[in-house]
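Below: one structure, written as C-alpha cells.
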Amino acid sequence: QVQLVESGGGLVQPGGSLRLSCAASGSIFRIYTMGWYRQAPGKQRELLAAISSGGSTNYYADSVKGRFSISRDNAKSTAYLQMNSLKPEDTAVYYCNAHRRDGFDSWGQGTQVTVSS
C-alpha cells in the first residue's frame with residue numbers, strides 16, 4: 001500500500017504563494033491518480049485538484065481554477081500543488097490522496113495552510 005506525507009504548508013499573507021508536496025512510498029506511484037483536498041473547520045473535505053496517473057489529465061474545482069496548479073513527478077514519487085494568489089478563505093488543512101482504479105484510497109496526515117495578514 002502507498003503511504004503519503006505532505007509538506008510545505010504554513011502561514012502566508014493574502015496574495016502570496018505556497019507549494020505543497022506529497023511524497024509517496026511503499027507502492028508503485030505511477031498507477032495512482034493523485035488528488036489534493038482541503039478541509040476548513042466546520043466544513044466538509046473538498047476536492048481541489050486531481051491529476052491522472054500519467055499526468056495528462058487534470059481537474060480543478062472552480063474555487064481554485066486559475067490560481068492552483070497540480071503536477072506530479074513519477075520519477076520522484078511526488079505530487080505537488082502550487083498555490084498562487086492565496087486568499088484568507090483558502091485557510092484549511094490540505095490533504096493528499098492517492099486513488100487506485102480498484103477503489104483503494106490512501107490519505108496523508110494533512111498540512112495546515114493559513115492565509116492571514
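Identifiers in the C-alpha cells: chain A, B, ... in order shown; residue index from 1 per chain; ligand index from 1 in order shown.
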Residues of chain A in helix (DSSP H, G or I) according to DSSP, as a ChimeraX atom specification?
/A:29-31,88-90
Same residues, N, CA and C atoms, saved as a short mmCIF file (atom, residue, chain, number, x, y, z; two decimals), in the first residue's frame:
```
data_model
loop_
_atom_site.label_atom_id
_atom_site.label_comp_id
_atom_site.auth_asym_id
_atom_site.auth_seq_id
_atom_site.Cartn_x
_atom_site.Cartn_y
_atom_site.Cartn_z
N PHE A 29 4.01 4.37 -7.52
CA PHE A 29 3.35 5.67 -7.52
C PHE A 29 2.60 5.93 -8.82
N ARG A 30 3.16 5.52 -9.93
CA ARG A 30 2.61 5.95 -11.22
C ARG A 30 1.24 5.35 -11.54
N ILE A 31 0.79 4.37 -10.76
CA ILE A 31 -0.51 3.77 -11.06
C ILE A 31 -1.66 4.53 -10.41
N PRO A 88 -7.68 34.51 2.26
CA PRO A 88 -7.98 34.02 3.61
C PRO A 88 -8.90 32.81 3.61
N GLU A 89 -9.81 32.75 2.65
CA GLU A 89 -10.73 31.60 2.58
C GLU A 89 -10.05 30.32 2.12
N ASP A 90 -8.79 30.39 1.74
CA ASP A 90 -8.04 29.18 1.42
C ASP A 90 -7.46 28.53 2.68
#
```
Which residues are near A:Gln1? Cut-off 12 Å, only C-alpha atoms, ignore same chain within fewer than 5 positions. Put them as a PyMOL selection string.
chain A and resi 24-29+31-32+98-100+104-107
Based on the backbone DSSP call, show me all residues of chain A assigned strand (DSSP E or B), as a count of residues only.
60
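Nearest to A:Tyr80 of all the residues A:Glu46, A:Asp102, A:Asp62, A:Glu6 is A:Glu6, counting only C-alpha atoms.
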For A:Leu81, list every protein, DNA or RNA residue within 10 Å, evaluated using only C-alpha atoms, and leave out those in the same chain fewer than 6 positions away; present the list as a PyMOL selection string.
chain A and resi 8+18-22+35-36+48-50+68-72+94+96
Let me see the file: selected residues, all heavy atoms, as a compact mmCIF listing (two decimals), in the first residue's frame.
```
# COMPACT_ATOMS: atom_id res chain seq x y z
N GLY A 8 5.07 21.51 3.22
CA GLY A 8 5.02 22.78 2.51
C GLY A 8 3.98 23.76 3.01
O GLY A 8 3.92 24.89 2.52
N LEU A 18 2.32 29.35 -2.04
CA LEU A 18 2.92 28.20 -1.37
C LEU A 18 2.92 27.05 -2.34
O LEU A 18 2.05 26.97 -3.22
CB LEU A 18 2.12 27.80 -0.13
CG LEU A 18 2.26 28.61 1.15
CD1 LEU A 18 1.28 28.08 2.20
CD2 LEU A 18 3.68 28.55 1.69
N ARG A 19 3.88 26.15 -2.16
CA ARG A 19 3.87 24.90 -2.92
C ARG A 19 3.86 23.74 -1.93
O ARG A 19 4.77 23.59 -1.11
CB ARG A 19 5.06 24.77 -3.85
CG ARG A 19 4.94 23.56 -4.77
CD ARG A 19 6.05 23.45 -5.80
NE ARG A 19 7.24 22.80 -5.26
CZ ARG A 19 8.11 22.12 -5.99
NH1 ARG A 19 7.92 21.99 -7.30
NH2 ARG A 19 9.18 21.60 -5.44
N LEU A 20 2.81 22.94 -2.05
CA LEU A 20 2.70 21.74 -1.23
C LEU A 20 3.29 20.56 -1.97
O LEU A 20 3.17 20.47 -3.19
CB LEU A 20 1.24 21.46 -0.88
CG LEU A 20 0.45 22.59 -0.22
CD1 LEU A 20 -0.96 22.11 0.10
CD2 LEU A 20 1.15 23.09 1.02
N SER A 21 3.91 19.67 -1.22
CA SER A 21 4.45 18.44 -1.77
C SER A 21 3.81 17.25 -1.08
O SER A 21 3.47 17.31 0.10
CB SER A 21 5.97 18.38 -1.58
OG SER A 21 6.62 19.44 -2.25
N CYS A 22 3.68 16.17 -1.83
CA CYS A 22 3.14 14.92 -1.30
C CYS A 22 4.08 13.80 -1.74
O CYS A 22 4.08 13.43 -2.92
CB CYS A 22 1.74 14.70 -1.83
SG CYS A 22 1.03 13.09 -1.40
N GLY A 35 -4.73 13.34 -5.90
CA GLY A 35 -5.62 14.48 -5.67
C GLY A 35 -5.21 15.27 -4.45
O GLY A 35 -4.55 14.75 -3.55
N TRP A 36 -5.60 16.53 -4.46
CA TRP A 36 -5.42 17.40 -3.29
C TRP A 36 -6.80 17.84 -2.82
O TRP A 36 -7.64 18.26 -3.63
CB TRP A 36 -4.59 18.63 -3.64
CG TRP A 36 -3.13 18.36 -3.76
CD1 TRP A 36 -2.42 18.11 -4.91
CD2 TRP A 36 -2.19 18.29 -2.69
NE1 TRP A 36 -1.10 17.90 -4.61
CE2 TRP A 36 -0.93 18.00 -3.26
CE3 TRP A 36 -2.27 18.45 -1.30
CZ2 TRP A 36 0.23 17.87 -2.49
CZ3 TRP A 36 -1.12 18.32 -0.54
CH2 TRP A 36 0.11 18.03 -1.14
N LEU A 48 -9.93 19.66 -4.52
CA LEU A 48 -9.46 20.87 -5.17
C LEU A 48 -8.90 20.59 -6.57
O LEU A 48 -9.16 21.33 -7.50
CB LEU A 48 -8.34 21.51 -4.34
CG LEU A 48 -8.69 21.90 -2.92
CD1 LEU A 48 -7.44 22.43 -2.23
CD2 LEU A 48 -9.82 22.91 -2.89
N ALA A 49 -8.10 19.56 -6.66
CA ALA A 49 -7.41 19.28 -7.92
C ALA A 49 -7.04 17.80 -7.97
O ALA A 49 -6.83 17.18 -6.93
CB ALA A 49 -6.16 20.14 -8.04
N ALA A 50 -6.97 17.27 -9.18
CA ALA A 50 -6.57 15.88 -9.37
C ALA A 50 -5.78 15.77 -10.66
O ALA A 50 -5.97 16.57 -11.60
CB ALA A 50 -7.78 14.96 -9.41
N PHE A 68 -4.46 27.67 -8.61
CA PHE A 68 -3.73 26.48 -8.16
C PHE A 68 -3.36 25.63 -9.37
O PHE A 68 -4.08 25.59 -10.36
CB PHE A 68 -4.57 25.65 -7.21
CG PHE A 68 -4.84 26.27 -5.87
CD1 PHE A 68 -4.51 27.59 -5.60
CD2 PHE A 68 -5.42 25.51 -4.86
CE1 PHE A 68 -4.77 28.15 -4.37
CE2 PHE A 68 -5.67 26.05 -3.61
CZ PHE A 68 -5.36 27.39 -3.37
N SER A 69 -2.24 24.93 -9.23
CA SER A 69 -1.79 24.03 -10.30
C SER A 69 -1.27 22.74 -9.69
O SER A 69 -0.41 22.77 -8.80
CB SER A 69 -0.70 24.72 -11.12
OG SER A 69 -0.21 23.84 -12.11
N ILE A 70 -1.78 21.62 -10.18
CA ILE A 70 -1.34 20.32 -9.70
C ILE A 70 -0.35 19.73 -10.69
O ILE A 70 -0.50 19.91 -11.91
CB ILE A 70 -2.54 19.37 -9.48
CG1 ILE A 70 -2.10 18.11 -8.75
CG2 ILE A 70 -3.26 19.06 -10.79
CD1 ILE A 70 -3.28 17.22 -8.30
N SER A 71 0.64 19.04 -10.18
CA SER A 71 1.61 18.37 -11.03
C SER A 71 2.15 17.15 -10.30
O SER A 71 1.86 16.95 -9.11
CB SER A 71 2.75 19.32 -11.41
OG SER A 71 3.45 19.75 -10.26
N ARG A 72 2.90 16.33 -11.02
CA ARG A 72 3.48 15.15 -10.41
C ARG A 72 4.80 14.83 -11.09
O ARG A 72 4.99 15.13 -12.27
CB ARG A 72 2.53 13.96 -10.48
CG ARG A 72 2.27 13.46 -11.89
CD ARG A 72 1.14 12.42 -11.90
NE ARG A 72 1.49 11.22 -11.17
CZ ARG A 72 0.59 10.34 -10.70
NH1 ARG A 72 -0.70 10.57 -10.88
NH2 ARG A 72 0.98 9.26 -10.05
N TYR A 94 -4.77 20.83 4.33
CA TYR A 94 -4.69 20.29 2.98
C TYR A 94 -4.20 18.85 3.03
O TYR A 94 -3.21 18.53 3.70
CB TYR A 94 -3.76 21.15 2.13
CG TYR A 94 -4.40 22.45 1.71
CD1 TYR A 94 -4.69 23.44 2.64
CD2 TYR A 94 -4.75 22.68 0.38
CE1 TYR A 94 -5.30 24.62 2.27
CE2 TYR A 94 -5.36 23.87 0.00
CZ TYR A 94 -5.63 24.83 0.95
OH TYR A 94 -6.25 26.00 0.57
N CYS A 96 -3.39 15.17 0.83
CA CYS A 96 -3.05 14.49 -0.41
C CYS A 96 -3.76 13.14 -0.43
O CYS A 96 -3.90 12.48 0.61
CB CYS A 96 -1.53 14.29 -0.44
SG CYS A 96 -0.89 13.38 -1.81
```
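With atom CA of A:Val64 on one side and atom CA of A:Lys76 on the other, the separation reads 25.3 Å.
Shortest atom-to-atom contact with A:Ser53 among A:Ser17, A:Met83, A:Val12, A:Arg101: A:Arg101, counting only C-alpha atoms.
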Would you pick out the contacts of A:Pro41 at 12 Å or less, using only C-alpha atoms, so that residues sharing its chain but fewer than 3 positions from it are not included, and give the list as a VMD selection string?
chain A and resid 38 44 to 45 89 to 94 112 114
